[in-house]
Each structure stands twice: as structure tokens, then as C-alpha cells.
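> Below is the structure I would like to discuss, written out as C-alpha cells.
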Amino acid sequence: MIPVLIFISIVTFGLAHGVPGGPFDTEKKRPPEIRANLEKYYGLDKPIYIQYLNYMGNIITKFDFGPSLVQRGRTVNEIFAAHLPVSAQLGILALLVALLIGIPLGIVAALKQNTFWDYLGMGIAVFGVSVPNIVLGPLLIWIFALALGWFPVAGWGKPSQMVLPSIALGLGSSAIIGRLTRASMLQVIREDYIRTARAKGLTERVIMVRHALKNAFIPVATVLGPMFAALTTGTFVVEQIFAIPGMGKYFITSVTNRDYAVVMGTTLLYAVFLVIANLAVDITYAFLDPRIRYT
Amino acid sequence: MGTILEVKGLKTQFFTQDGIVNAVNGISYTVDEGETLGIVGESGCGKSVSVLSVMRLIPQPPGKIVGGQVIFEGRDLLKLSEDEMRQVRGNKISMVFQDPMTSLNPVLTIARQMTEGMELHLGLDHQQARKRAIELLEMVNIPQAKDRIDDYPHQFSGGMRQRVMIAMGLSCNPQVLIADEPTTALDVTIQAQILDLVRDLKQKIGMAIIWITHDLGIVAGLADRVLVMYAGYIIESAPVKEIYGDPRHPYTLGLLGSIPRLDAERKKKLTPIEGLPPDLIDPPPGCPFAPRCRFAIDQCLAENPTLQPVALNHHVACWVDTKRGVA
Ligand SMILES: Nc1ncnc2c1ncn2[C@@H]1O[C@H](COP(=O)(O)OP(=O)(O)OP(=O)(O)O)[C@@H](O)[C@H]1O
Ligand code: SF4
Ligand SMILES: [Mg+2]
């Protein structure tokens, strides 16, 4: 886990510095003295490996991601504090949407295989994966904010403002979870142990809830980690559409501005995040499947 | 002894893309109280489907019970509602399946899987059911049952899992225990232990047993009466002594001619007689065994024989009296 993070930090650091252009490039050429002063102030005049070591040293010892190179007087820590929680909230809500829609959809489709409900559910799923956020977002705004007036058009903070963006972000993933749940469920209900459960005289409901669901959820759990990471990091489009002051939007601006400090910090945080998310999945997995727990 | 289960004209088909599979073709038989009935026959002859039909556990679709009756306690099981049928399953008639590795749920403890049936059918609370489950595990010789009951199936060996399945099958004091090749997946020593156990339990409990196998050696040591199945038909039925001492049907003769010697490889399925079993989709008229039968006469290709008595409790479906050696 630690080597992975170090590797990621070196690659991002190298890439950020390797790309032509720097944070102090402006339309008008600055006088070389001023430029040299600025670079000295931010430590950019030192050899790149020294810059890297200083940077990592500050993070590890002080949890200090340094000053923003573009926004005067603002540290990266401050920027994180202001924007990261928003993206995290959005990501978690989107994952909830994905699970709450996807799992029931998959179960119903599997139990009513090849009926109207199956086709309807899987139709919704195809729609969910194939329609991109950039279309779905405005569509939701148009229907539920403008036409029906149920939710505000944009913004973030009040629960009512969170509904549409969470759906816009989570629906695609709910489709993936739905299809996976369906496939997994169809496989499980053909297993011998389901026949054993039937032979005991249990009701269909008990057979599904007690004997099938947990087994069916095992493959679904494996995709949740990467999915959660993708949802919390891939929020740029949705944040843009709904004018949400999250990290995704900020990250892209920082890339174009060459704000190395913000780019690096965000990438590192996301990397840590991904690693933790995968760890959480492994734990869930072991919880679901005793065969893993004991080996 | 009274009859406990009576199957009359049971007919089950599978509606597949290739056509209708005639898996079970109107078979009739009875099981007496406390009797052990063996059902033998090659792979695919309809043994499993015939007993799954009795339990109404045929996957539907593609399967369907298209005719017949299953009389148990004065009622036709095939006419019961699904709710009424659930009262029978696992309670009055229970079933043990072939593959103990896949027949237990991998994510539930042995305790949970054993107690749920007793809670449902015997109305026990969780503690009582657990106590009885431990007793049952001890009865089927699971060592340290008290501790092992909280294990998961993968922590048990194949033989132990099958003991668990048997304990589970007996947990609600069924009148009939159906065992579908319960020892086929196990190696020979374990198989022998399970058979000893079942003989022992039968002595103690006295339930009727339907034991499916394609190993005639097992039937000889366990069953009171034997049904021989071929292509979805019962082609011979007799007390176990007569099946061995006085077999009549050409197919049974073939099977007996090929009992594996003790030193022979046991695991492989028997293909005792030259040729393959017939296609169950669109079977030709006449006796289904005719293409492989060295006794066949013209009539065999035209008309399918039905079971006829040849001795007391001994029935055979064949146009030829093989005893007189017409061939
Ligand atoms: N789900 C199904 N769909 C289609 N055909 C089936 C299905 N289940 C069973 N059959 C057919 O029914 C026939 C009887 O199968 P069955 O399982 O009863 O055989 P068996 O005698 O138990 O064989 P084995 O010794 O291999 O267990 C077979 O020809 C099989 O192809
Ligand atoms: S009826 Fe004819 S073909 Fe069939 S088993 Fe008897 S002799 Fe053979
Ligand atoms: Mg079978």
C-alpha cells in the first residue's frame, strides 16, 4: 500500500513538472527577475528531486500540502477543507443512489426473468449506462427543477439541492450494479444449495433473502471499491452542471493553471482514498464470504 | 406393512429448444412403511427427475409434471397448493442430494442450515432447534458436534457434509427420506461409512427410504426392493434377492453382468451395455431398449411392453421371456 502511494506520488510529480508551461506563465511576459523571485519563493529553483523530497516531507510530518501556486495567500490545505467534503458528500450520496436503485432492480429482473419487469429494469439499466452525465444532468434539471419545480436548479448545501446531482452521478453506476446483481442472482438461484433450501420447505421469500442474496452480493461487492473512488473523483461534469463547489471542478482548473501543489495534493489524496476504498471492499468481502475469512 | 407413498402414472417432460424431453414416462410404484426402495439405472434414465417430481422440485420452466398422481397420506401431492406442499417438504418427505460439496450454502453456518427446517416444521425456538441439531450431528457421528456446529460448510470434509445433509434430512422425523446418489461423489471408504450409518439409522428410526444409485453393489446391501429404470420407464421391479437371483429383463441382466469387481476402478460411471441410451426427444415406437438388446424380436420395434407380473412382487416390461432363452 505504501509503495503504491510513493510510486503514484513520484509519477504525478514528474508528470506535473514535465509538462511544458509553468504556474507563472501569463499572456504578458514577466520580467525575468520577478519570475526568478517567484520561483525562489516557492522553491521551484531547486533540483526537482529536492522539490519532491521537501514536498513529501511536509506532507508526512505536518500534513501540509504547501501553498497554492496560483491563488495567492491560500494554502492547498485550505482549498481541500473548503471543497473536498462537498465532493465526498456527493460521491457517497451517488453510491447510495447506485445501490438503492441497482440492487432491487437487479433482484426483480432476475426473479422475473424474461418478463415485462425484467425488460423494463434492464431497459432502464441500458439507459443508465449509455446516457452520459452531461446529458442526464441537464435532463434532470429540465424535468424536475424547471418543469415540475420539485428541486432547485443548482447549488449545494440543502438536502433538496443534493437530490438531482446525486441521481445524475449515481444512475450510471446503478445500472452497472443492477446488471451485475441480476447476472449474479440468476447464477445463484440455479445453485444446488438453493434446491436444498427448497427441499426443506422454506418459503420463496426466506430462500431469496437468507440463501440467495448474500451469495449474489459477493461479486457485486468487488466493484464497489473502484466504483466509489470513481464516483468521488469523477464528479467534474456533475459539479459543473449543478454549480457545486466541489473538488472536481477545482482540480481541472488547477491542471490548466499548472497549480502543481493542488494537482499533486488532490491526486495523492485520491490515491489514498482508492486504496482505502479497496481495503473496505476486502473487509466487506470477508464479511460476506466465510471461505475467505478462514483462509 | 401399509403403503406410505404411491406413485401412479407419473409423467414429467422438459420443454427445451431441441424439443420435448420425455424424462419420466408414466411410472408407477409404491413405497411401504419402513421399506428401503432402491432405484437403479444408467445416467440420464430419469431417476432424479422421478423423485424431484414427487417433491415438486422440478425446475419449471423448462420442466413440467404433465400427468399422474403421487398419493401420500391420502392426498395427491401434485394437487396441493404450493403452501400445502411446503408443509410436506423437509417435514414429512425429505431429500438428500448427490453432491455434498455444492448442496450446502457456503455463506451460512451448519447451525443455521440445520435449525431453519426444525424452527419451521417442528415449531422449535432457536435454542431448542440448536440443541436438537447438536444431537442429530452426534447421531451421524460428527466429532465435537457442539463446537463444529458453528462452522461453515467449507470447514467440513465431503463425507462430513453428507452426514450433515443426512442429519438435516432426518431432523423433522420424516416418513420418507429420499436420497439421490448421496454417496456417488465420495470415495469408497467414506461411502461405506455412510452406508453403515444409514443402515444403523434406519434400524433406530424406521423411516422409509428411497435410495437412488447406479451402483448395484450399494443396492444389494441396503434395499429391500429394487426398481430398474431405463429411458424414463421402470422396466423391472422386484425384491432385492430376486433382482440378483432371478433377473429377467435383458437390461437388468446386462447391468448385473457388469457389476464392477472390487479391484476395478469404482469412480467411473457404469456403461455396462454396448450402445448408448436412446434420445428422450421423439423416441421411436417400440421398446426403448431394442437397439441395444440381444433378445429383440420384431414385436419389440413396434410396441413398447408394459410391466407384467412374472412372480410374486416381481414385474418385468419385456416381450421376451429371457429365462427360456429365446434369442
Ligand atoms: N433442467 C433440465 N432441462 C432439460 N432436460 C433435463 C433437465 N433435467 C433433466 N433433464 C433430462 O431428463 C433426463 C433424466 O435426467 P435425470 O437427472 O433424472 O437422470 P438421472 O437418472 O438422475 O441421471 P444421473 O445418474 O446422471 O443423475 C435426462 O435425459 C436429462 O437430459
Ligand atoms: S422388449 Fe424386446 S427389445 Fe425390449 S428388452 Fe425385451 S426383448 Fe429386448
Ligand atoms: Mg440424477
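Just so we're on the same page: first chain in the C-alpha cells is A, next is B, and so on; residues restart at 1 for each chain, and ligands are numbered from 1 in the order they show up.
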Once you count only C-alpha atoms and all ligand atoms, which residues end up within 7 Å of ligand 2, and could you hand them over as JSON, numbers by chain?
{"B": [249, 250, 251, 287, 288, 289, 290, 293, 294, 295, 296, 297, 300, 304, 305, 317, 318, 319, 320]}
> Set the distance at 9 Å and use only C-alpha atoms: which residues neighbour A:Gly66 once local chain neighbours fewer than 6 positions away are removed? I'd like the list as a VMD selection string.
chain A and resid 55 58 to 59 75 to 77 261 to 262 265
> Neighbouring residues of ligand 3 are defined here as those with any atom at most 10 Å from a ligand atom, counting only C-alpha atoms and all ligand atoms; list them as a PyMOL selection string.
chain B and resi 41-52+97-98+180-181+212-214
> Those selected residues, please, written with all heavy atoms and delivered as a short mmCIF file (atom, residue, chain, number, x, y, z; two decimals), in the first residue's frame.

```
data_model
loop_
_atom_site.label_atom_id
_atom_site.label_comp_id
_atom_site.auth_asym_id
_atom_site.auth_seq_id
_atom_site.Cartn_x
_atom_site.Cartn_y
_atom_site.Cartn_z
N GLY B 41 -30.22 -47.44 -12.44
CA GLY B 41 -30.28 -47.21 -13.89
C GLY B 41 -29.13 -46.32 -14.31
O GLY B 41 -28.52 -45.66 -13.48
N GLU B 42 -28.88 -46.33 -15.62
CA GLU B 42 -27.77 -45.52 -16.14
C GLU B 42 -28.04 -44.03 -15.97
O GLU B 42 -29.18 -43.61 -15.78
CB GLU B 42 -27.63 -45.77 -17.65
CG GLU B 42 -26.92 -47.04 -18.02
CD GLU B 42 -27.09 -47.31 -19.51
OE1 GLU B 42 -28.25 -47.42 -19.96
OE2 GLU B 42 -26.09 -47.39 -20.21
N SER B 43 -26.99 -43.26 -16.11
CA SER B 43 -27.11 -41.82 -16.06
C SER B 43 -28.10 -41.32 -17.11
O SER B 43 -28.08 -41.79 -18.25
CB SER B 43 -25.73 -41.20 -16.32
OG SER B 43 -25.80 -39.82 -16.13
N GLY B 44 -28.99 -40.42 -16.71
CA GLY B 44 -29.93 -39.83 -17.66
C GLY B 44 -31.21 -40.61 -17.84
O GLY B 44 -32.05 -40.23 -18.65
N CYS B 45 -31.41 -41.70 -17.07
CA CYS B 45 -32.60 -42.51 -17.29
C CYS B 45 -33.82 -41.97 -16.54
O CYS B 45 -34.90 -42.53 -16.61
CB CYS B 45 -32.34 -43.97 -16.89
SG CYS B 45 -32.16 -44.19 -15.12
N GLY B 46 -33.63 -40.88 -15.79
CA GLY B 46 -34.79 -40.26 -15.16
C GLY B 46 -34.96 -40.53 -13.68
O GLY B 46 -36.00 -40.22 -13.10
N LYS B 47 -33.93 -41.05 -13.03
CA LYS B 47 -34.03 -41.33 -11.60
C LYS B 47 -34.26 -40.06 -10.80
O LYS B 47 -35.21 -39.96 -10.00
CB LYS B 47 -32.74 -42.02 -11.10
CG LYS B 47 -32.37 -43.28 -11.86
CD LYS B 47 -31.11 -43.94 -11.33
CE LYS B 47 -29.83 -43.14 -11.46
NZ LYS B 47 -29.32 -43.00 -12.82
N SER B 48 -33.39 -39.07 -11.02
CA SER B 48 -33.54 -37.82 -10.26
C SER B 48 -34.85 -37.13 -10.56
O SER B 48 -35.56 -36.68 -9.66
CB SER B 48 -32.39 -36.86 -10.58
OG SER B 48 -31.16 -37.43 -10.21
N VAL B 49 -35.18 -37.04 -11.84
CA VAL B 49 -36.40 -36.33 -12.22
C VAL B 49 -37.61 -37.01 -11.58
O VAL B 49 -38.54 -36.34 -11.12
CB VAL B 49 -36.53 -36.26 -13.75
CG1 VAL B 49 -37.89 -35.72 -14.16
CG2 VAL B 49 -35.42 -35.40 -14.34
N SER B 50 -37.60 -38.33 -11.50
CA SER B 50 -38.78 -39.00 -10.96
C SER B 50 -38.98 -38.67 -9.47
O SER B 50 -40.10 -38.46 -9.04
CB SER B 50 -38.70 -40.52 -11.19
OG SER B 50 -37.64 -41.07 -10.45
N VAL B 51 -37.88 -38.58 -8.71
CA VAL B 51 -38.09 -38.24 -7.29
C VAL B 51 -38.26 -36.74 -7.08
O VAL B 51 -39.00 -36.32 -6.19
CB VAL B 51 -36.97 -38.80 -6.38
CG1 VAL B 51 -37.06 -40.31 -6.30
CG2 VAL B 51 -35.60 -38.34 -6.80
N LEU B 52 -37.57 -35.93 -7.90
CA LEU B 52 -37.80 -34.48 -7.79
C LEU B 52 -39.25 -34.15 -8.12
O LEU B 52 -39.82 -33.20 -7.56
CB LEU B 52 -36.85 -33.72 -8.73
CG LEU B 52 -35.38 -33.66 -8.27
CD1 LEU B 52 -34.50 -33.09 -9.38
CD2 LEU B 52 -35.23 -32.81 -7.01
N PHE B 97 -29.19 -34.80 -1.35
CA PHE B 97 -28.77 -34.73 -2.75
C PHE B 97 -27.38 -35.33 -2.96
O PHE B 97 -26.64 -35.62 -2.03
CB PHE B 97 -28.81 -33.29 -3.23
CG PHE B 97 -30.20 -32.73 -3.22
CD1 PHE B 97 -30.65 -31.97 -2.15
CD2 PHE B 97 -31.06 -32.99 -4.26
CE1 PHE B 97 -31.94 -31.47 -2.14
CE2 PHE B 97 -32.34 -32.50 -4.26
CZ PHE B 97 -32.78 -31.73 -3.19
N GLN B 98 -27.07 -35.41 -4.25
CA GLN B 98 -25.86 -36.11 -4.66
C GLN B 98 -24.57 -35.45 -4.21
O GLN B 98 -23.70 -36.09 -3.65
CB GLN B 98 -25.86 -36.24 -6.19
CG GLN B 98 -24.55 -36.76 -6.74
CD GLN B 98 -24.67 -37.15 -8.19
OE1 GLN B 98 -25.74 -37.07 -8.78
NE2 GLN B 98 -23.57 -37.58 -8.77
N ASP B 180 -30.73 -39.10 -3.25
CA ASP B 180 -30.39 -39.16 -4.67
C ASP B 180 -28.87 -39.30 -4.84
O ASP B 180 -28.15 -38.32 -4.79
CB ASP B 180 -30.90 -37.91 -5.38
CG ASP B 180 -30.73 -38.00 -6.90
OD1 ASP B 180 -30.17 -39.01 -7.37
OD2 ASP B 180 -31.15 -37.06 -7.59
N GLU B 181 -28.41 -40.50 -5.03
CA GLU B 181 -26.99 -40.81 -5.17
C GLU B 181 -26.13 -40.09 -4.13
O GLU B 181 -25.19 -39.40 -4.47
CB GLU B 181 -26.51 -40.42 -6.58
CG GLU B 181 -27.37 -41.07 -7.66
CD GLU B 181 -26.67 -41.10 -9.01
OE1 GLU B 181 -25.46 -41.33 -9.01
OE2 GLU B 181 -27.35 -40.90 -10.02
N ILE B 212 -31.44 -43.76 -4.49
CA ILE B 212 -31.10 -43.78 -5.91
C ILE B 212 -29.60 -44.01 -6.07
O ILE B 212 -28.80 -43.43 -5.34
CB ILE B 212 -31.47 -42.44 -6.56
CG1 ILE B 212 -32.98 -42.27 -6.55
CG2 ILE B 212 -30.93 -42.34 -7.98
CD1 ILE B 212 -33.44 -40.98 -7.16
N THR B 213 -29.25 -44.85 -7.02
CA THR B 213 -27.82 -45.09 -7.24
C THR B 213 -27.66 -45.71 -8.61
O THR B 213 -28.61 -46.20 -9.21
CB THR B 213 -27.25 -46.04 -6.18
OG1 THR B 213 -25.88 -46.28 -6.48
CG2 THR B 213 -27.99 -47.37 -6.15
N HIS B 214 -26.44 -45.64 -9.17
CA HIS B 214 -26.23 -46.52 -10.31
C HIS B 214 -25.22 -47.61 -9.95
O HIS B 214 -24.68 -48.27 -10.81
CB HIS B 214 -25.85 -45.76 -11.59
CG HIS B 214 -24.85 -44.69 -11.40
ND1 HIS B 214 -25.11 -43.39 -11.74
CD2 HIS B 214 -23.63 -44.70 -10.86
CE1 HIS B 214 -24.07 -42.66 -11.44
NE2 HIS B 214 -23.16 -43.42 -10.90
#
```
> Distance cut-off 8 Å, counting only C-alpha atoms - which residues of chain A neighbour chain B? Return them as a ChimeraX atom specification.
/A:191-196,198-203,211,214-215,288-291
> Closest to ligand 1 among B:Ala185, B:Ala302, B:Ala192, B:Val176, using only C-alpha atoms and all ligand atoms?
B:Ala185
> Taking 3 positions as the minimum chain separation for residues in the same chain, which residues sit within 7 Å of B:Glu33 when counting only C-alpha atoms? Answer as a VMD selection string.
chain B and resid 1 to 4 207 to 208
> Find the residues around stretch 125-137 of chain A up to 9 Å (only C-alpha atoms counted), leave out those fewer than 5 positions away in its own chain, and share them as a count of residues only.
22
> Which is closest to B:Gly74 among B:Lys204, B:His315, B:Pro247, B:Glu6, if we use only C-alpha atoms?
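Looking only at the distances to B:Gly74, the closest residue turns out to be B:Glu6.
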> Tell me, as a list in words, which residues lie within 9 Å of B:Ile166, counting only C-alpha atoms; anything in the same chain fewer than 2 positions away does not count.
Met95, Val96, Val140, Arg161, Gln162, Arg163, Val164, Met168, Gly169, Leu170, Ser171, Leu177, Ala179, Pro182 and Val198 of chain B
> Select, from B:Gly26, B:Pro143, B:Gly19, B:Pro174, the residue with the minimum atom-to-atom distance to ligand 1, counting only C-alpha atoms and all ligand atoms.
B:Gly19
> Taking into account only C-alpha atoms, which residue in the set A:Val153, A:Val4, A:Ala280, A:Ala183 is nearest to A:Val220?
A:Ala183
> Expressed in Å to a single decimal, how great is the separation between atom CA of A:Asp64 and atom CA of A:Leu38?
20.0 Å
> What lies within 10 Å of B:Ala220 using only C-alpha atoms, ignoring chain neighbours under 5 positions off, as number ranges by chain?
B: 38, 215, 225-226, 240-241, 243-244
> Apply DSSP to the backbone of this structure and, from stretch 38-207 of chain A, keep only the residues in alpha helix (DSSP H); write these as number ranges by chain.
A: 38-41, 48-62, 76-111, 116-130, 133-140, 159-188, 192-199, 204-206
> Considering only C-alpha atoms and all ligand atoms, state which residue in the set B:Ile281, B:Leu124, B:Leu307, B:Ile65 is at the smallest distance from ligand 1.
B:Ile281
